[in-house]
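Asker: So here's query.cif, just mmCIF, C-alpha atoms:
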```cif
data_data
loop_
_atom_site.group_PDB
_atom_site.id
_atom_site.type_symbol
_atom_site.label_atom_id
_atom_site.label_comp_id
_atom_site.auth_asym_id
_atom_site.auth_seq_id
_atom_site.Cartn_x
_atom_site.Cartn_y
_atom_site.Cartn_z
ATOM 1 C CA MET W 1 -49.497 -4.071 25.038
ATOM 2 C CA SER W 2 -47.333 -2.009 27.337
ATOM 3 C CA SER W 3 -47.255 -1.202 31.008
ATOM 4 C CA PRO W 4 -48.561 2.313 31.725
ATOM 5 C CA SER W 5 -46.015 4.990 32.556
ATOM 6 C CA PRO W 6 -45.547 5.370 36.323
ATOM 7 C CA SER W 7 -46.649 8.568 37.993
ATOM 8 C CA LYS W 8 -44.118 10.795 39.706
ATOM 9 C CA ASP W 9 -45.313 9.618 43.133
ATOM 10 C CA ASP W 10 -44.637 5.986 42.146
ATOM 11 C CA ARG W 11 -40.941 6.624 41.511
ATOM 12 C CA PRO W 12 -38.119 6.846 44.043
ATOM 13 C CA ASP W 13 -37.529 10.509 44.832
ATOM 14 C CA TRP W 14 -33.956 11.715 45.290
ATOM 15 C CA GLU W 15 -34.753 14.239 48.010
ATOM 16 C CA ARG W 16 -36.996 11.823 49.905
ATOM 17 C CA ASP W 17 -35.718 8.293 49.248
ATOM 18 C CA GLY W 18 -32.156 9.382 48.500
ATOM 19 C CA ARG W 19 -31.778 11.762 51.438
ATOM 20 C CA ASP W 20 -29.180 9.514 53.119
ATOM 21 C CA TRP W 21 -28.244 7.384 50.105
ATOM 22 C CA PRO W 22 -24.884 5.636 50.496
ATOM 23 C CA HIS W 23 -22.098 7.836 49.114
ATOM 24 C CA ARG W 24 -24.586 10.546 48.148
ATOM 25 C CA ALA W 25 -21.682 12.951 47.553
ATOM 26 C CA ALA W 26 -20.503 10.683 44.718
ATOM 27 C CA SER W 27 -23.875 10.947 42.936
ATOM 28 C CA ARG W 28 -24.833 13.031 39.948
ATOM 29 C CA PHE W 29 -27.513 12.980 37.261
ATOM 30 C CA VAL W 30 -26.656 12.865 33.559
ATOM 31 C CA GLU W 31 -28.582 12.677 30.280
ATOM 32 C CA ALA W 32 -27.867 9.863 27.818
ATOM 33 C CA ALA W 33 -29.845 7.596 25.478
ATOM 34 C CA GLY W 34 -32.915 9.776 26.052
ATOM 35 C CA LEU W 35 -32.888 9.015 29.790
ATOM 36 C CA ARG W 36 -31.934 10.839 32.960
ATOM 37 C CA TRP W 37 -29.493 8.568 34.802
ATOM 38 C CA HIS W 38 -28.399 8.467 38.411
ATOM 39 C CA VAL W 39 -24.661 7.740 38.408
ATOM 40 C CA GLN W 40 -22.093 7.432 41.164
ATOM 41 C CA GLU W 41 -18.385 7.965 40.482
ATOM 42 C CA PHE W 42 -15.418 7.111 42.697
ATOM 43 C CA GLY W 43 -11.654 7.410 42.347
ATOM 44 C CA GLU W 44 -9.354 9.627 40.333
ATOM 45 C CA PRO W 45 -10.651 10.808 36.925
ATOM 46 C CA ASP W 46 -7.422 9.771 35.150
ATOM 47 C CA ALA W 47 -7.303 6.270 36.681
ATOM 48 C CA PRO W 48 -8.182 3.214 34.538
ATOM 49 C CA GLY W 49 -11.934 2.959 34.030
ATOM 50 C CA LEU W 50 -14.167 0.435 35.774
ATOM 51 C CA LEU W 51 -17.885 -0.035 35.067
ATOM 52 C CA LEU W 52 -20.177 -1.499 37.756
ATOM 53 C CA LEU W 53 -23.682 -2.747 36.897
ATOM 54 C CA HIS W 54 -26.060 -3.955 39.606
ATOM 55 C CA GLY W 55 -28.633 -6.721 39.228
ATOM 56 C CA THR W 56 -32.414 -6.846 38.901
ATOM 57 C CA GLY W 57 -34.245 -5.039 41.697
ATOM 58 C CA ALA W 58 -31.116 -3.339 43.060
ATOM 59 C CA ALA W 59 -29.468 0.067 42.534
ATOM 60 C CA THR W 60 -26.139 1.760 43.261
ATOM 61 C CA HIS W 61 -26.552 1.052 46.985
ATOM 62 C CA SER W 62 -25.537 -2.522 46.138
ATOM 63 C CA TRP W 63 -21.941 -1.261 45.690
ATOM 64 C CA ARG W 64 -21.762 0.750 48.924
ATOM 65 C CA GLY W 65 -19.033 -1.481 50.349
ATOM 66 C CA LEU W 66 -17.246 -2.597 47.187
ATOM 67 C CA ALA W 67 -16.985 0.588 45.084
ATOM 68 C CA PRO W 68 -14.724 2.576 47.472
ATOM 69 C CA LEU W 69 -12.321 -0.381 47.683
ATOM 70 C CA LEU W 70 -12.059 -0.637 43.894
ATOM 71 C CA ALA W 71 -11.678 3.150 43.638
ATOM 72 C CA GLU W 72 -8.245 2.888 45.243
ATOM 73 C CA ARG W 73 -6.967 1.790 41.801
ATOM 74 C CA PHE W 74 -9.725 2.668 39.315
ATOM 75 C CA ARG W 75 -12.130 5.355 38.188
ATOM 76 C CA VAL W 76 -15.323 3.576 39.167
ATOM 77 C CA VAL W 77 -18.612 4.434 37.431
ATOM 78 C CA ALA W 78 -21.809 2.852 38.786
ATOM 79 C CA PRO W 79 -25.197 3.791 37.297
ATOM 80 C CA ASP W 80 -28.691 2.850 38.349
ATOM 81 C CA LEU W 81 -29.929 0.729 35.449
ATOM 82 C CA PRO W 82 -32.989 2.004 33.540
ATOM 83 C CA GLY W 83 -36.178 1.700 35.583
ATOM 84 C CA HIS W 84 -34.191 1.048 38.756
ATOM 85 C CA GLY W 85 -33.445 3.386 41.610
ATOM 86 C CA PHE W 86 -33.357 6.982 40.412
ATOM 87 C CA THR W 87 -32.843 6.376 36.662
ATOM 88 C CA ASP W 88 -35.633 6.839 34.117
ATOM 89 C CA PRO W 89 -37.235 3.684 32.686
ATOM 90 C CA LEU W 90 -36.714 2.599 29.110
ATOM 91 C CA PRO W 91 -39.741 2.697 26.797
ATOM 92 C CA PRO W 92 -41.262 -0.783 26.310
ATOM 93 C CA ARG W 93 -39.940 -1.124 22.742
ATOM 94 C CA ARG W 94 -36.350 -0.872 24.067
ATOM 95 C CA LEU W 95 -36.869 -2.974 27.184
ATOM 96 C CA SER W 96 -34.749 -5.998 26.258
ATOM 97 C CA LEU W 97 -31.245 -7.224 26.926
ATOM 98 C CA PRO W 98 -29.855 -5.699 23.690
ATOM 99 C CA GLY W 99 -31.851 -2.517 24.356
ATOM 100 C CA MET W 100 -30.475 -2.240 27.873
ATOM 101 C CA ALA W 101 -26.933 -2.894 26.628
ATOM 102 C CA GLU W 102 -27.310 -0.216 23.964
ATOM 103 C CA ALA W 103 -28.577 2.343 26.483
ATOM 104 C CA VAL W 104 -25.729 1.645 28.920
ATOM 105 C CA GLY W 105 -23.299 1.833 25.999
ATOM 106 C CA ASP W 106 -24.584 5.309 25.133
ATOM 107 C CA LEU W 107 -24.146 6.338 28.779
ATOM 108 C CA VAL W 108 -20.571 5.030 28.857
ATOM 109 C CA THR W 109 -19.763 6.919 25.664
ATOM 110 C CA GLY W 110 -21.322 10.085 27.017
ATOM 111 C CA LEU W 111 -19.249 9.859 30.194
ATOM 112 C CA GLY W 112 -16.046 9.357 28.210
ATOM 113 C CA LEU W 113 -15.431 6.080 30.028
ATOM 114 C CA ASN W 114 -13.214 3.388 28.528
ATOM 115 C CA PRO W 115 -13.668 0.565 31.050
ATOM 116 C CA ARG W 116 -10.668 -1.703 31.462
ATOM 117 C CA LEU W 117 -12.683 -3.684 33.996
ATOM 118 C CA ALA W 118 -16.403 -4.430 33.744
ATOM 119 C CA ILE W 119 -18.103 -5.906 36.805
ATOM 120 C CA GLY W 120 -21.742 -6.940 36.921
ATOM 121 C CA HIS W 121 -23.916 -8.652 39.476
ATOM 122 C CA SER W 122 -26.582 -11.140 38.371
ATOM 123 C CA ALA W 123 -28.478 -9.579 35.420
ATOM 124 C CA GLY W 124 -25.928 -6.759 35.326
ATOM 125 C CA ALA W 125 -23.360 -9.325 34.226
ATOM 126 C CA ALA W 126 -25.642 -10.308 31.336
ATOM 127 C CA VAL W 127 -25.819 -6.671 30.204
ATOM 128 C CA LEU W 128 -22.030 -6.417 30.278
ATOM 129 C CA ALA W 129 -21.585 -9.691 28.373
ATOM 130 C CA ARG W 130 -23.976 -8.397 25.710
ATOM 131 C CA MET W 131 -22.035 -5.130 25.526
ATOM 132 C CA CYS W 132 -18.777 -7.042 25.045
ATOM 133 C CA LEU W 133 -20.301 -9.238 22.338
ATOM 134 C CA ASP W 134 -21.729 -6.176 20.578
ATOM 135 C CA ARG W 135 -18.370 -4.345 20.812
ATOM 136 C CA ARG W 136 -19.806 -1.526 22.886
ATOM 137 C CA ILE W 137 -16.982 -2.055 25.389
ATOM 138 C CA ASP W 138 -13.699 -3.942 25.185
ATOM 139 C CA PRO W 139 -12.463 -4.487 28.763
ATOM 140 C CA ASP W 140 -9.402 -6.454 29.776
ATOM 141 C CA LEU W 141 -11.517 -8.350 32.301
ATOM 142 C CA LEU W 142 -15.206 -9.110 32.731
ATOM 143 C CA VAL W 143 -16.247 -10.101 36.258
ATOM 144 C CA ALA W 144 -19.620 -11.784 36.766
ATOM 145 C CA LEU W 145 -20.717 -11.790 40.406
ATOM 146 C CA ASN W 146 -23.269 -14.619 40.594
ATOM 147 C CA GLY W 147 -23.968 -13.791 36.973
ATOM 148 C CA ALA W 148 -27.361 -14.523 35.388
ATOM 149 C CA LEU W 149 -25.821 -15.623 32.099
ATOM 150 C CA THR W 150 -27.714 -18.818 31.297
ATOM 151 C CA PRO W 151 -31.435 -19.640 31.019
ATOM 152 C CA PHE W 152 -33.444 -21.302 33.749
ATOM 153 C CA PRO W 153 -33.426 -25.080 33.249
ATOM 154 C CA GLY W 154 -36.168 -26.875 31.358
ATOM 155 C CA VAL W 155 -39.696 -25.508 31.223
ATOM 156 C CA ALA W 156 -38.785 -22.752 33.688
ATOM 157 C CA SER W 157 -36.929 -20.954 30.895
ATOM 158 C CA PHE W 158 -40.306 -20.371 29.235
ATOM 159 C CA LEU W 159 -42.514 -20.180 32.310
ATOM 160 C CA PHE W 160 -40.685 -17.604 34.450
ATOM 161 C CA PRO W 161 -40.321 -14.858 31.806
ATOM 162 C CA GLY W 162 -43.975 -15.400 30.864
ATOM 163 C CA ILE W 163 -45.108 -14.940 34.455
ATOM 164 C CA ALA W 164 -42.956 -11.816 34.798
ATOM 165 C CA ARG W 165 -44.452 -10.455 31.573
ATOM 166 C CA MET W 166 -48.008 -10.960 32.812
ATOM 167 C CA LEU W 167 -47.184 -9.273 36.117
ATOM 168 C CA PHE W 168 -45.430 -6.408 34.343
ATOM 169 C CA LEU W 169 -48.414 -5.777 32.069
ATOM 170 C CA ASN W 170 -50.800 -5.691 35.026
ATOM 171 C CA PRO W 171 -50.605 -2.119 36.405
ATOM 172 C CA VAL W 172 -51.870 -3.284 39.792
ATOM 173 C CA THR W 173 -49.002 -5.727 40.442
ATOM 174 C CA PRO W 174 -46.232 -3.208 41.264
ATOM 175 C CA LYS W 175 -48.554 -1.309 43.592
ATOM 176 C CA VAL W 176 -49.602 -4.453 45.455
ATOM 177 C CA PHE W 177 -45.988 -5.525 45.829
ATOM 178 C CA ALA W 178 -44.991 -2.046 47.024
ATOM 179 C CA TRP W 179 -47.802 -1.933 49.580
ATOM 180 C CA SER W 180 -46.693 -5.289 51.025
ATOM 181 C CA ALA W 181 -42.951 -4.530 51.115
ATOM 182 C CA ASP W 182 -42.534 -4.157 54.863
ATOM 183 C CA ARG W 183 -39.298 -4.959 56.668
ATOM 184 C CA ALA W 184 -40.231 -8.599 57.336
ATOM 185 C CA ALA W 185 -41.199 -9.227 53.697
ATOM 186 C CA VAL W 186 -37.953 -7.750 52.410
ATOM 187 C CA ARG W 187 -35.927 -9.839 54.859
ATOM 188 C CA ARG W 188 -37.686 -12.994 53.610
ATOM 189 C CA LEU W 189 -36.938 -12.001 50.025
ATOM 190 C CA ILE W 190 -33.239 -11.380 50.703
ATOM 191 C CA ASP W 191 -32.921 -14.493 52.876
ATOM 192 C CA GLY W 192 -34.389 -16.441 49.978
ATOM 193 C CA THR W 193 -31.315 -15.576 47.897
ATOM 194 C CA GLY W 194 -29.022 -17.233 50.445
ATOM 195 C CA SER W 195 -27.625 -13.909 51.679
ATOM 196 C CA ARG W 196 -27.691 -12.192 55.048
ATOM 197 C CA LEU W 197 -27.628 -8.393 54.996
ATOM 198 C CA ASP W 198 -27.208 -5.895 57.795
ATOM 199 C CA PRO W 199 -30.142 -3.607 58.803
ATOM 200 C CA GLN W 200 -28.948 -0.790 56.540
ATOM 201 C CA GLY W 201 -28.867 -3.077 53.513
ATOM 202 C CA LEU W 202 -32.348 -4.384 54.217
ATOM 203 C CA ASP W 203 -33.705 -0.868 54.709
ATOM 204 C CA LEU W 204 -32.308 0.322 51.374
ATOM 205 C CA TYR W 205 -33.958 -2.547 49.506
ATOM 206 C CA ARG W 206 -37.202 -1.952 51.407
ATOM 207 C CA ARG W 207 -37.079 1.731 50.490
ATOM 208 C CA LEU W 208 -36.864 0.877 46.801
ATOM 209 C CA PHE W 209 -39.401 -1.944 46.893
ATOM 210 C CA THR W 210 -42.045 0.401 48.325
ATOM 211 C CA ARG W 211 -41.911 2.411 45.063
ATOM 212 C CA PRO W 212 -44.090 0.800 42.351
ATOM 213 C CA SER W 213 -41.927 2.227 39.553
ATOM 214 C CA HIS W 214 -38.849 0.415 40.856
ATOM 215 C CA VAL W 215 -40.818 -2.847 41.147
ATOM 216 C CA SER W 216 -42.119 -2.343 37.606
ATOM 217 C CA GLY W 217 -38.569 -1.772 36.377
ATOM 218 C CA ALA W 218 -37.431 -5.060 37.877
ATOM 219 C CA LEU W 219 -40.414 -6.994 36.472
ATOM 220 C CA GLY W 220 -39.993 -5.403 33.055
ATOM 221 C CA MET W 221 -36.346 -6.379 32.990
ATOM 222 C CA MET W 222 -37.166 -10.029 33.727
ATOM 223 C CA ALA W 223 -40.152 -10.088 31.383
ATOM 224 C CA ASN W 224 -38.115 -9.005 28.367
ATOM 225 C CA TRP W 225 -34.893 -10.922 29.041
ATOM 226 C CA ASP W 226 -33.845 -13.378 26.303
ATOM 227 C CA LEU W 227 -31.153 -15.422 28.037
ATOM 228 C CA PRO W 228 -31.278 -18.295 25.505
ATOM 229 C CA ALA W 229 -30.082 -15.859 22.804
ATOM 230 C CA LEU W 230 -27.264 -14.661 25.054
ATOM 231 C CA ALA W 231 -26.311 -18.237 25.924
ATOM 232 C CA ARG W 232 -26.021 -19.090 22.220
ATOM 233 C CA ASP W 233 -23.657 -16.151 21.691
ATOM 234 C CA LEU W 234 -21.466 -16.599 24.773
ATOM 235 C CA PRO W 235 -18.985 -19.018 23.131
ATOM 236 C CA ARG W 236 -17.991 -16.050 20.919
ATOM 237 C CA LEU W 237 -17.043 -14.012 24.001
ATOM 238 C CA GLU W 238 -13.313 -13.340 23.770
ATOM 239 C CA THR W 239 -13.017 -11.242 26.928
ATOM 240 C CA ARG W 240 -11.155 -12.766 29.840
ATOM 241 C CA THR W 241 -13.878 -13.636 32.356
ATOM 242 C CA LEU W 242 -13.896 -14.236 36.089
ATOM 243 C CA LEU W 243 -17.011 -15.972 37.427
ATOM 244 C CA VAL W 244 -17.308 -15.200 41.141
ATOM 245 C CA VAL W 245 -19.834 -17.542 42.738
ATOM 246 C CA GLY W 246 -21.425 -17.574 46.176
ATOM 247 C CA GLY W 247 -21.557 -21.162 47.367
ATOM 248 C CA ASP W 248 -24.876 -20.548 49.158
ATOM 249 C CA ASP W 249 -26.542 -18.716 46.257
ATOM 250 C CA LYS W 250 -30.174 -19.848 46.113
ATOM 251 C CA ALA W 251 -31.128 -17.601 43.192
ATOM 252 C CA ILE W 252 -28.621 -18.928 40.632
ATOM 253 C CA LYS W 253 -27.139 -22.382 41.046
ATOM 254 C CA PRO W 254 -23.343 -22.283 41.599
ATOM 255 C CA ASP W 255 -23.014 -25.333 39.330
ATOM 256 C CA ASP W 256 -24.205 -23.184 36.403
ATOM 257 C CA SER W 257 -20.999 -21.140 36.523
ATOM 258 C CA PHE W 258 -18.782 -24.232 36.448
ATOM 259 C CA ALA W 259 -20.708 -25.519 33.421
ATOM 260 C CA LEU W 260 -20.477 -22.119 31.730
ATOM 261 C CA ARG W 261 -16.715 -21.988 32.260
ATOM 262 C CA GLU W 262 -16.328 -24.903 29.852
ATOM 263 C CA ARG W 263 -18.114 -22.948 27.110
ATOM 264 C CA LEU W 264 -16.051 -19.753 27.373
ATOM 265 C CA ARG W 265 -12.685 -19.196 25.739
ATOM 266 C CA SER W 266 -10.971 -17.638 28.719
ATOM 267 C CA ALA W 267 -12.733 -18.030 32.046
ATOM 268 C CA ARG W 268 -12.213 -19.291 35.534
ATOM 269 C CA VAL W 269 -14.468 -19.686 38.590
ATOM 270 C CA GLU W 270 -13.827 -18.342 42.077
ATOM 271 C CA LEU W 271 -16.084 -20.029 44.661
ATOM 272 C CA LEU W 272 -16.932 -18.086 47.826
ATOM 273 C CA ARG W 273 -18.105 -20.573 50.415
ATOM 274 C CA GLY W 274 -20.698 -19.443 52.940
ATOM 275 C CA LEU W 275 -21.918 -16.480 50.854
ATOM 276 C CA GLY W 276 -25.126 -16.074 48.878
ATOM 277 C CA HIS W 277 -26.424 -14.241 45.821
ATOM 278 C CA LEU W 278 -25.444 -10.857 47.289
ATOM 279 C CA ALA W 279 -21.917 -11.972 48.198
ATOM 280 C CA HIS W 280 -20.455 -8.576 47.215
ATOM 281 C CA GLU W 281 -22.691 -6.903 49.814
ATOM 282 C CA GLU W 282 -22.024 -9.520 52.486
ATOM 283 C CA ALA W 283 -18.231 -9.542 52.107
ATOM 284 C CA PRO W 284 -17.068 -6.585 49.971
ATOM 285 C CA GLU W 285 -13.464 -6.790 51.224
ATOM 286 C CA GLN W 286 -13.164 -10.428 50.172
ATOM 287 C CA VAL W 287 -14.691 -9.772 46.751
ATOM 288 C CA ALA W 288 -12.512 -6.693 46.195
ATOM 289 C CA GLU W 289 -9.376 -8.678 47.023
ATOM 290 C CA ILE W 290 -10.253 -11.324 44.439
ATOM 291 C CA ILE W 291 -11.041 -8.777 41.720
ATOM 292 C CA LEU W 292 -7.945 -6.655 42.312
ATOM 293 C CA ALA W 293 -5.711 -9.729 42.366
ATOM 294 C CA GLU W 294 -7.153 -10.860 39.031
ATOM 295 C CA ALA W 295 -6.660 -7.396 37.559
ATOM 296 C CA GLU W 296 -3.065 -7.358 38.775
ATOM 297 C CA ALA W 297 -2.455 -10.796 37.244
ATOM 298 C CA ILE W 298 -3.558 -9.475 33.858
ATOM 299 C CA ARG W 299 -1.114 -6.583 34.084
ATOM 300 C CA ALA W 300 1.805 -8.727 35.252
ATOM 301 C CA PRO W 301 4.243 -9.674 32.468
ATOM 302 C CA ALA W 302 4.452 -13.319 31.530
ATOM 303 C CA PRO W 303 7.498 -15.130 33.033
#
```
Before anything else, please render the file you have as C-alpha cells.

Answerer:
Amino acid sequence: MSSPSPSKDDRPDWERDGRDWPHRAASRFVEAAGLRWHVQEFGEPDAPGLLLLHGTGAATHSWRGLAPLLAERFRVVAPDLPGHGFTDPLPPRRLSLPGMAEAVGDLVTGLGLNPRLAIGHSAGAAVLARMCLDRRIDPDLLVALNGALTPFPGVASFLFPGIARMLFLNPVTPKVFAWSADRAAVRRLIDGTGSRLDPQGLDLYRRLFTRPSHVSGALGMMANWDLPALARDLPRLETRTLLVVGGDDKAIKPDDSFALRERLRSARVELLRGLGHLAHEEAPEQVAEIILAEAEAIRAPAP
C-alpha cells in the first residue's frame, strides 16, 4: 500500500506560501535524486562547507536565526528535506532513513558540497548520522541538536511508527490535520515540545501545517523510520559528535543524549538549560556560539 500522490493544491506553493519566506533571496531550486529541491545557501562559495538538515515537520525556516550566524565562517547549505516545505516527496519505496540519506547524499554531490560540519535537528541528525555511517559524507564534526538518534523506549518503539504508518496510509488524515491547523493548535503543538517561539515562528509552522502534502511528508518520515537499526550501527560512528540538548525538551528526553554519549567513540554533550526541542530557534546566538567554539577547537593544534 502507498499513500496517494498529493495534488498541486495540497503542496506548499512558493509564490503563495513562500512569498515572505525567511531569507528568500538565499533560496533556489535544484534537481537531484529525481526530485526538485528547495535549497538555501549562505556565506562565501569558497568557505568550508556546512550542511544543515531540519527535523520532521519543519523546513528551512527553522534555520532563519542560526544559518546567517554560521555563514560568517562557512558556506552553509540548508535544503528542505523530501516531502517537507517546497521539496518534492520521495516515492514510497525510497521513504526510509537510508533512502532519505541517499537522496540527500545525491543532492550534496550535485551541489559540489564537501561538508566539514554537518548539523541536524531531531530527525535531521539521524539522516546525517546515517550519511556518515554510509560514507556519503565525512565531516570533521557532526552536531545533533536534540537529535532523534535512538528508538522510543519499550513498546512505544513499535507502537508509534505503526500509528504514524496507519495515519500516513489514510489519505484523509493529512487533510483533517491541515484543516485544524489554526494558530492556537500550532501553538499547543510547539508548546508541547518544551519550546516557546515568537509569532513569526508560529506563523511559519502554521503555514506549512495547513498544506496536506507537508503533513503527509512528516507522517511518512515517521512511519518509515527504523531507529533501532540506526542505534545498532551508531557505535561504528567515527565522526566527532557534539550532542546539543535542550534541558526542557519534551519531545526527546535529554537523558537519552547522555546515555548515547557512552556508546559513541568521540562525543560530548552540551546541555542548554531552559530551552526546549527547538532550542536553535529559541536561542540561535547561543547555539551558534557553541557550534563555532567546537569547530574552532577541532582546528586548534594540540598543545

Asker: For Arg206 in chain W, which residue among W:Ala144, W:Leu189, W:Met222, W:Ala123 is the nearest when counting only C-alpha atoms?

Answerer: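 The shortest atom-to-atom distance to Arg206 in chain W comes from W:Leu189.
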
Asker: Go ahead and compute the interatomic distance for CA of His61 in chain W and CA of Pro22 in chain W, in Å to one decimal.

Answerer: 6.0 Å

Asker: For range 129-137 of chain W, find every residue with an atom within 10 Å (counting all atoms listed in the file), except residues of its own chain fewer than 2 positions away, and show them as JSON, numbers by chain.

Answerer: {"W": [51, 97, 98, 99, 100, 101, 102, 103, 104, 105, 106, 108, 109, 113, 114, 115, 116, 117, 118, 119, 120, 123, 124, 125, 126, 127, 139, 140, 142, 143, 144, 147, 149, 230, 233, 234, 235, 236, 237, 238, 239, 241]}

Asker: Using only C-alpha atoms, which of the listed residues (W:Ala185, W:Val39, W:Ala259, W:Ala251) sits closest to Asn146 in chain W?

Answerer: W:Ala251

Asker: Emit as lines of an AutoDock Vina configuration file the padded axis-aligned box for all listed atoms of range 136-144 of chain W, 5 Å per side, with centre and edge lengths in Å to one decimal.

Answerer:
```
center_x = -14.6
center_y = -6.7
center_z = 29.8
size_x = 20.4
size_y = 20.3
size_z = 23.9
```

Asker: As a check of understanding, name the residues that the PyMOL selection byres ((chain W and resi 269) around 9) selects in the supplied structure, as a ChimeraX atom specification.

Answerer: /W:241-245,257-258,261,267-268,270-271

Asker: Quick one: distance from CA of Phe209 in chain W to CA of Ala59 in chain W in Å, one decimal?

Answerer: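 Computed distance, CA of Phe209 in chain W to CA of Ala59 in chain W, equals 11.0 Å.
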
Asker: Convert the output of the PyMOL selection byres ((chain W and resi 72-74) around 6) on the shown file into explicit residues, formatted as a PyMOL selection string.

Answerer: chain W and resi 43+47-49+69-71+75-76

Asker: Keeping only C-alpha atoms, write the selected residues to a file as a PDB file, in the frame of the given file.

Answerer:
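As written to disk, out.pdb reads:
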```
ATOM      1  CA  GLY W  43     -11.654   7.410  42.347  1.00  0.00           C
ATOM      2  CA  ALA W  47      -7.303   6.270  36.681  1.00  0.00           C
ATOM      3  CA  PRO W  48      -8.182   3.214  34.538  1.00  0.00           C
ATOM      4  CA  GLY W  49     -11.934   2.959  34.030  1.00  0.00           C
ATOM      5  CA  LEU W  69     -12.321  -0.381  47.683  1.00  0.00           C
ATOM      6  CA  LEU W  70     -12.059  -0.637  43.894  1.00  0.00           C
ATOM      7  CA  ALA W  71     -11.678   3.150  43.638  1.00  0.00           C
ATOM      8  CA  ARG W  75     -12.130   5.355  38.188  1.00  0.00           C
ATOM      9  CA  VAL W  76     -15.323   3.576  39.167  1.00  0.00           C
TER      10      VAL W  76
END
```

Asker: Which polymer residues, protein or nucleic acid, are no farther than 7 Å from (-27.7, -13.6, 28.8), counting all atoms listed in the file, as a PyMOL selection string?

Answerer: chain W and resi 126+148-150+226-231

Asker: With a distance cut-off of 8 Å and all atoms listed in the file, select the neighbouring residues of His280 in chain W, excluding the residue or stretch itself and same-chain residues fewer than 3 positions from it, and output the selection as an MDAnalysis selection string.

Answerer: chainID W and resid 62:63 65:66 145 283:284 287

Asker: One decimal, Å: what's the distance from CA of Val77 in chain W over to CA of Thr193 in chain W, could you say?

Answerer: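 Computing the Euclidean distance for CA of Val77 in chain W and CA of Thr193 in chain W yields 25.9 Å.
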
Asker: Please provide as a list in words all residues within 9 Å of Ala26 in chain W, with the sequence filter that same-chain residues fewer than 2 positions apart are discarded (counting all atoms listed in the file).

Answerer: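 Residues meeting the cut-off are Pro22, His23, Arg24, Arg28, Val39, Gln40, Glu41 and Phe42 of chain W.
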
Asker: Those same residues, written as a PDB file, in the frame of the given file with C-alpha atoms?

Answerer:
```pdb
ATOM      1  CA  PRO W  22     -24.884   5.636  50.496  1.00  0.00           C
ATOM      2  CA  HIS W  23     -22.098   7.836  49.114  1.00  0.00           C
ATOM      3  CA  ARG W  24     -24.586  10.546  48.148  1.00  0.00           C
ATOM      4  CA  ARG W  28     -24.833  13.031  39.948  1.00  0.00           C
ATOM      5  CA  VAL W  39     -24.661   7.740  38.408  1.00  0.00           C
ATOM      6  CA  GLN W  40     -22.093   7.432  41.164  1.00  0.00           C
ATOM      7  CA  GLU W  41     -18.385   7.965  40.482  1.00  0.00           C
ATOM      8  CA  PHE W  42     -15.418   7.111  42.697  1.00  0.00           C
TER       9      PHE W  42
END
```

Asker: Write out as a list in words which residues come within 12 Å of Asp88 in chain W when counting all atoms listed in the file, dropping same-chain ones fewer than 5 positions away.

Answerer: Ser5, Pro6, Ser7, Lys8, Arg11, Pro12, Asp13, Phe29, Val30, Glu31, Ala32, Ala33, Gly34, Leu35, Arg36, Trp37, His38, Val39, Pro79, Asp80, Leu81, Pro82, Gly83, Ala103, Ser213, His214, Ser216 and Gly217 of chain W
